[in-house]
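*Asks:* The structure is given below, and queries will be raised subsequently.
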Amino acid sequence: MPTQAAGILGTGHALPERTLTNADLEQMVETSDDWIVSRTGIRERRIAAPDETTSHFATLAAERALQAAGLTPADLDLIICATVCPDMMLPSTACIIQARLGAKRAAAYDLVAACSGFIYGLATARAFIEAGHCRYILVIGAELLSRFVDYTDRATCVIFGDGAGAAVVGPVEAGRGILAHRILSDGAYADLLYTPGGGTRYPASPETIEQRLHYIKMRGNELFKVAVRSMADTVAQILDELRLTPSDVDLFIPHQANQRITDAVADRLNIDPARIYANIARTGNTSSASIPIALDECVQAGRVKPGNLLVFASFGAGVTWGAMALRW
């Protein structure tokens with residue numbers, strides 16, 4: 001049994017100022033507001049300015065999370081940045097964030113689990129804290145997906161947005177904090193959502209640029225089925241592990257991938273719609289940033305009370321998926 005429980009002590013998020021609406025996209029690609037809303041639930045998304053980077057928004061979100069936790073960068077032992085949109089191939093974006101924060105004591109590394117990255121990061125932080133290796137860990141989900149979106153592909157360009165969310169994880173009293181989690185993956189589905197160019201398989205070249213291999217490729221219909229089944233089953237498993245039921249959940253925050261996916265997962269779990277948070281209409285799919293952005297919005301709006309049972313669930317490229325239950 002762990003000697004120290006781990007929980008979230010503070011949250012923060014940051015979004016770009018620019019809003020890209022469905023009406024804007026109608027001028028860029030063959031699509032319509034009705035088509036986008038009916039298939040995704042998205043009405044607008046935030047897009048970073050050309051001179052802004054993933055580390056820029058990650059640092060802002062981190063500073064706000066630290067302030068909410070009543071801590072300083074000097075208190076941090078570890079920084080985990082979940083992202084598929086690093087500032088550059090190396091060094092890690094987490095190290096850039098560490099320098100910007102001035103967190104000189106903290107180790108720092110990136111975690112690549114796509115949309116499941118924040119849950120993977122929280123699970124990692126939990127293990128470090130429960131084992132006594134760290135006291136305070138900063139977990140960030142940050143993405144600038146607009147940099148990798150092909151704005152001639154209406155199947156993908158309408159979905160993704162930019163932003164960052166962060167949480168400070170640290171010791172909490174027994175019975176609070178993270179109660180259970182599951183993280184899983186299945187690489188057999190890797191070709192459902194991927195960016196082929198830029199790695200060792202297809203290094204950057206005039207040919208990869210001409211073939212548009214550096215943009216996100218997605219097979220949405222196939223992904224939908226796997227996502228719904230995986231998220232719903234994993235949430236059911238951790239609730240069963242805790243001997244709880246969906247009626248015990250005070251707030252369910254799923255990854256904001258697609259409103260139809262959220263609705264289907266909620267239906268399979270029989271969770272009260274009033275207890276489900278969705279902001280996808282305003283933010284689009286921000287991958288690993290979506291759950292921490294949504295969580296911070298809920299905290300700021302007073303929707304999270306001490307003692308509440310929160311459940312997170314996500315699914316992303318890899319494919320990866322996971323779920324977590326925590327007592328606030």
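Numbering starts fresh at 1 for the residues of each chain in the structure tokens, the chains themselves are lettered A, B, ... in the order given, and ligands are numbered from 1 as they appear.
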For the alpha helix (DSSP H) assignment from backbone DSSP, which residues of stretch 165-220 of chain A qualify? Please present them as a ChimeraX atom specification.

*Replies:* /A:206-210,220

*Asks:* With 10 Å as the cut-off and only C-alpha atoms counted, what is the closest atom pair between each nearby residue of stretch 118-201 of chain A and stretch 226-233 of chain A? Distances in Å to one decimal, ordered by chain and number, as CSV.

*Replies:*
residue,atom,partner,partner_atom,distance
A:Leu184,CA,A:Ser230,CA,9.2
A:Ser185,CA,A:Ser230,CA,9.8
A:Tyr189,CA,A:Val226,CA,9.0
A:Leu192,CA,A:Val226,CA,10.0

*Asks:* Determine, counting only C-alpha atoms, which protein, DNA and RNA residues have an atom within 12 Å of an atom of A:Asp240; residues of the same chain fewer than 6 positions away are not included. Present the result as a list in words.

*Replies:*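 Listed by chain and then number, they are Ala180, His181, Asp233, Thr234, Pro246, Asp248, Leu269 and Ala325 of chain A.
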
*Asks:* Could you give me, as a ChimeraX atom specification, the residues within 7 Å of A:Ala142, counting only C-alpha atoms and dropping anything in the same chain fewer than 4 positions from it?

*Replies:* /A:54,58,82-83,163-165,288-289

*Asks:* Output N, CA and C atoms of each residue in that selection to a file, as a PDB file, in the first residue's frame.

*Replies:*
ATOM      1  N   THR A  54       4.349  26.110 -28.397  1.00  0.00           N
ATOM      2  CA  THR A  54       3.732  25.245 -27.401  1.00  0.00           C
ATOM      3  C   THR A  54       4.216  25.607 -25.998  1.00  0.00           C
ATOM      4  N   ALA A  58       2.158  26.556 -22.498  1.00  0.00           N
ATOM      5  CA  ALA A  58       2.407  25.632 -21.402  1.00  0.00           C
ATOM      6  C   ALA A  58       2.934  26.368 -20.174  1.00  0.00           C
ATOM      7  N   ALA A  82       3.097  16.663 -21.511  1.00  0.00           N
ATOM      8  CA  ALA A  82       2.472  15.784 -22.489  1.00  0.00           C
ATOM      9  C   ALA A  82       2.184  16.596 -23.743  1.00  0.00           C
ATOM     10  N   THR A  83       2.773  16.197 -24.863  1.00  0.00           N
ATOM     11  CA  THR A  83       2.552  16.936 -26.110  1.00  0.00           C
ATOM     12  C   THR A  83       2.935  16.094 -27.316  1.00  0.00           C
ATOM     13  N   GLY A 163      -3.931  25.090 -27.366  1.00  0.00           N
ATOM     14  CA  GLY A 163      -4.081  25.498 -25.971  1.00  0.00           C
ATOM     15  C   GLY A 163      -3.241  24.644 -25.051  1.00  0.00           C
ATOM     16  N   ALA A 164      -3.288  24.980 -23.776  1.00  0.00           N
ATOM     17  CA  ALA A 164      -2.532  24.238 -22.773  1.00  0.00           C
ATOM     18  C   ALA A 164      -3.266  24.254 -21.445  1.00  0.00           C
ATOM     19  N   GLY A 165      -3.101  23.173 -20.690  1.00  0.00           N
ATOM     20  CA  GLY A 165      -3.639  23.088 -19.340  1.00  0.00           C
ATOM     21  C   GLY A 165      -2.609  22.425 -18.447  1.00  0.00           C
ATOM     22  N   SER A 288      -3.931  16.472 -25.773  1.00  0.00           N
ATOM     23  CA  SER A 288      -3.583  16.285 -24.363  1.00  0.00           C
ATOM     24  C   SER A 288      -3.972  17.468 -23.490  1.00  0.00           C
ATOM     25  N   ALA A 289      -4.220  18.617 -24.098  1.00  0.00           N
ATOM     26  CA  ALA A 289      -4.591  19.817 -23.322  1.00  0.00           C
ATOM     27  C   ALA A 289      -6.062  19.844 -22.953  1.00  0.00           C
TER      28      ALA A 289
END

*Asks:* Mind checking which residues fall within 9 Å of A:Pro196, counting only C-alpha atoms, ignoring those fewer than 6 positions away in the same chain, and posting them as number ranges by chain?

*Replies:* A: 202, 208, 213-217

*Asks:* List the spatial neighbours of stretch 252-267 of chain A as a list in words - criterion: any atom at most 7 Å away, only C-alpha atoms, same-chain residues fewer than 4 positions off excluded.

*Replies:*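 Once the adjacent positions are removed, what remains is Thr40, Gly41, Phe224, Val228, Met231, Ala232, Ile271, Arg275, Ile276, Tyr277, Ala278, Ile280, Asn285, Ser290, Ile291, Leu310, Val311, Phe312, Ala313 and Ser314 of chain A.
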
*Asks:* Output N, CA, C and O atoms for every residue in that selection, as a compact mmCIF listing (two decimals), in the first residue's frame.

*Replies:*
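out15.txt written:
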# COMPACT_ATOMS: atom_id res chain seq x y z
N THR A 40 -19.26 16.99 -35.24
CA THR A 40 -18.25 17.13 -34.19
C THR A 40 -18.73 17.88 -32.96
O THR A 40 -18.16 17.72 -31.88
N GLY A 41 -19.74 18.74 -33.10
CA GLY A 41 -20.17 19.60 -32.00
C GLY A 41 -19.34 20.86 -31.85
O GLY A 41 -19.56 21.66 -30.94
N PHE A 224 -13.76 6.27 -34.28
CA PHE A 224 -14.94 6.52 -33.45
C PHE A 224 -15.33 5.27 -32.67
O PHE A 224 -15.53 5.32 -31.45
N VAL A 228 -15.03 4.95 -28.46
CA VAL A 228 -16.21 4.82 -27.59
C VAL A 228 -16.10 3.58 -26.72
O VAL A 228 -16.29 3.62 -25.50
N MET A 231 -12.99 3.90 -24.07
CA MET A 231 -13.21 4.84 -22.98
C MET A 231 -14.28 4.35 -22.02
O MET A 231 -14.11 4.39 -20.80
N ALA A 232 -15.39 3.89 -22.55
CA ALA A 232 -16.49 3.44 -21.70
C ALA A 232 -16.08 2.23 -20.86
O ALA A 232 -16.35 2.16 -19.66
N ILE A 271 -24.30 7.82 -17.46
CA ILE A 271 -23.94 8.95 -16.59
C ILE A 271 -24.90 10.11 -16.87
O ILE A 271 -25.18 10.44 -18.03
N ARG A 275 -23.89 15.95 -15.26
CA ARG A 275 -22.62 15.78 -14.57
C ARG A 275 -21.45 15.65 -15.54
O ARG A 275 -20.33 15.32 -15.12
N ILE A 276 -21.69 15.91 -16.81
CA ILE A 276 -20.65 15.80 -17.83
C ILE A 276 -20.26 17.20 -18.31
O ILE A 276 -21.13 18.02 -18.60
N TYR A 277 -18.96 17.46 -18.37
CA TYR A 277 -18.51 18.78 -18.81
C TYR A 277 -18.03 18.70 -20.25
O TYR A 277 -17.26 17.80 -20.62
N ALA A 278 -18.48 19.64 -21.05
CA ALA A 278 -18.06 19.71 -22.45
C ALA A 278 -17.77 21.16 -22.82
O ALA A 278 -18.59 22.05 -22.56
N ILE A 280 -16.02 21.51 -26.00
CA ILE A 280 -15.52 21.31 -27.36
C ILE A 280 -16.09 22.32 -28.35
O ILE A 280 -15.45 22.68 -29.33
N ASN A 285 -10.81 20.18 -30.53
CA ASN A 285 -10.02 19.09 -29.96
C ASN A 285 -8.60 19.60 -29.75
O ASN A 285 -7.87 19.85 -30.71
N SER A 290 -6.88 19.01 -23.57
CA SER A 290 -8.33 19.19 -23.43
C SER A 290 -8.84 18.93 -22.02
O SER A 290 -9.65 19.70 -21.49
N ILE A 291 -8.39 17.85 -21.37
CA ILE A 291 -8.88 17.56 -20.02
C ILE A 291 -8.40 18.61 -19.02
O ILE A 291 -9.21 19.12 -18.22
N LEU A 310 -14.38 12.91 -9.19
CA LEU A 310 -14.16 13.30 -10.57
C LEU A 310 -13.63 12.10 -11.34
O LEU A 310 -12.83 11.30 -10.82
N VAL A 311 -14.08 11.97 -12.59
CA VAL A 311 -13.59 10.91 -13.47
C VAL A 311 -13.15 11.53 -14.78
O VAL A 311 -13.88 12.34 -15.37
N PHE A 312 -11.94 11.18 -15.22
CA PHE A 312 -11.42 11.60 -16.51
C PHE A 312 -11.34 10.37 -17.42
O PHE A 312 -11.08 9.26 -16.96
N ALA A 313 -11.51 10.58 -18.73
CA ALA A 313 -11.32 9.50 -19.69
C ALA A 313 -10.82 10.09 -21.00
O ALA A 313 -11.23 11.18 -21.40
N SER A 314 -9.93 9.36 -21.65
CA SER A 314 -9.38 9.89 -22.90
C SER A 314 -9.01 8.76 -23.84
O SER A 314 -8.89 7.60 -23.45

*Asks:* Name the residues of stretch 97-305 of chain A that come out as strand (DSSP E) in a backbone DSSP run; write them as a PyMOL selection string.

*Replies:* chain A and resi 107-111+137-144+162-172+177-185+193-194+217-218+251-254

*Asks:* Kindly indicate which residue among A:Ala188, A:Ala167, A:Ala107, A:Ala281 lies nearest to A:Thr19, using only C-alpha atoms for the distances.

*Replies:* A:Ala281

*Asks:* Which residue is closest to A:Ile79? Choose from A:Met28, A:Ala204, A:Val168, A:Ala48 and count only C-alpha atoms.

*Replies:*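 Smallest separation from A:Ile79 among the options: A:Val168.
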
*Asks:* Excluding A:His13 and its own-chain neighbours fewer than 6 positions away, which residues fall within 12 Å of it when counting only C-alpha atoms? Please give them as a PyMOL selection string.

*Replies:* chain A and resi 56-68+139-143+162-168+286+289-300

*Asks:* Which one of A:Tyr136, A:Tyr194, A:Tyr151, A:Phe315 sits closest to A:Pro171 if you count only C-alpha atoms?

*Replies:*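 Using only C-alpha atoms, A:Pro171 sits closest to A:Tyr136.
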
*Asks:* Interatomic distance between atom CA of A:Thr320 and atom CA of A:Gly117?

*Replies:*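 Computing it gives 8.6 Å between the two atoms.
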
*Asks:* With distances taken over only C-alpha atoms, which residue among A:Val304, A:Leu223, A:Leu309, A:Ala174 lies nearest A:Leu244?

*Replies:*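 Closest candidate: A:Leu309.
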
*Asks:* Could you tell me how far atom CA of A:Gly10 sits from atom CA of A:Ala125, in Å to one decimal place?

*Replies:*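 A separation of 14.0 Å between them.
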
*Asks:* Taking only C-alpha atoms into account, name the residue in A:Asp110, A:Pro273, A:Asp153, A:Lys225 that is nearest to A:Met89.

*Replies:*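 Closest candidate: A:Asp110.
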
*Asks:* Of the residues A:Ala123, A:Leu76, A:Leu145, A:Ala155, which is the one nearest to A:Thr31, using only C-alpha atoms?

*Replies:* A:Ala155
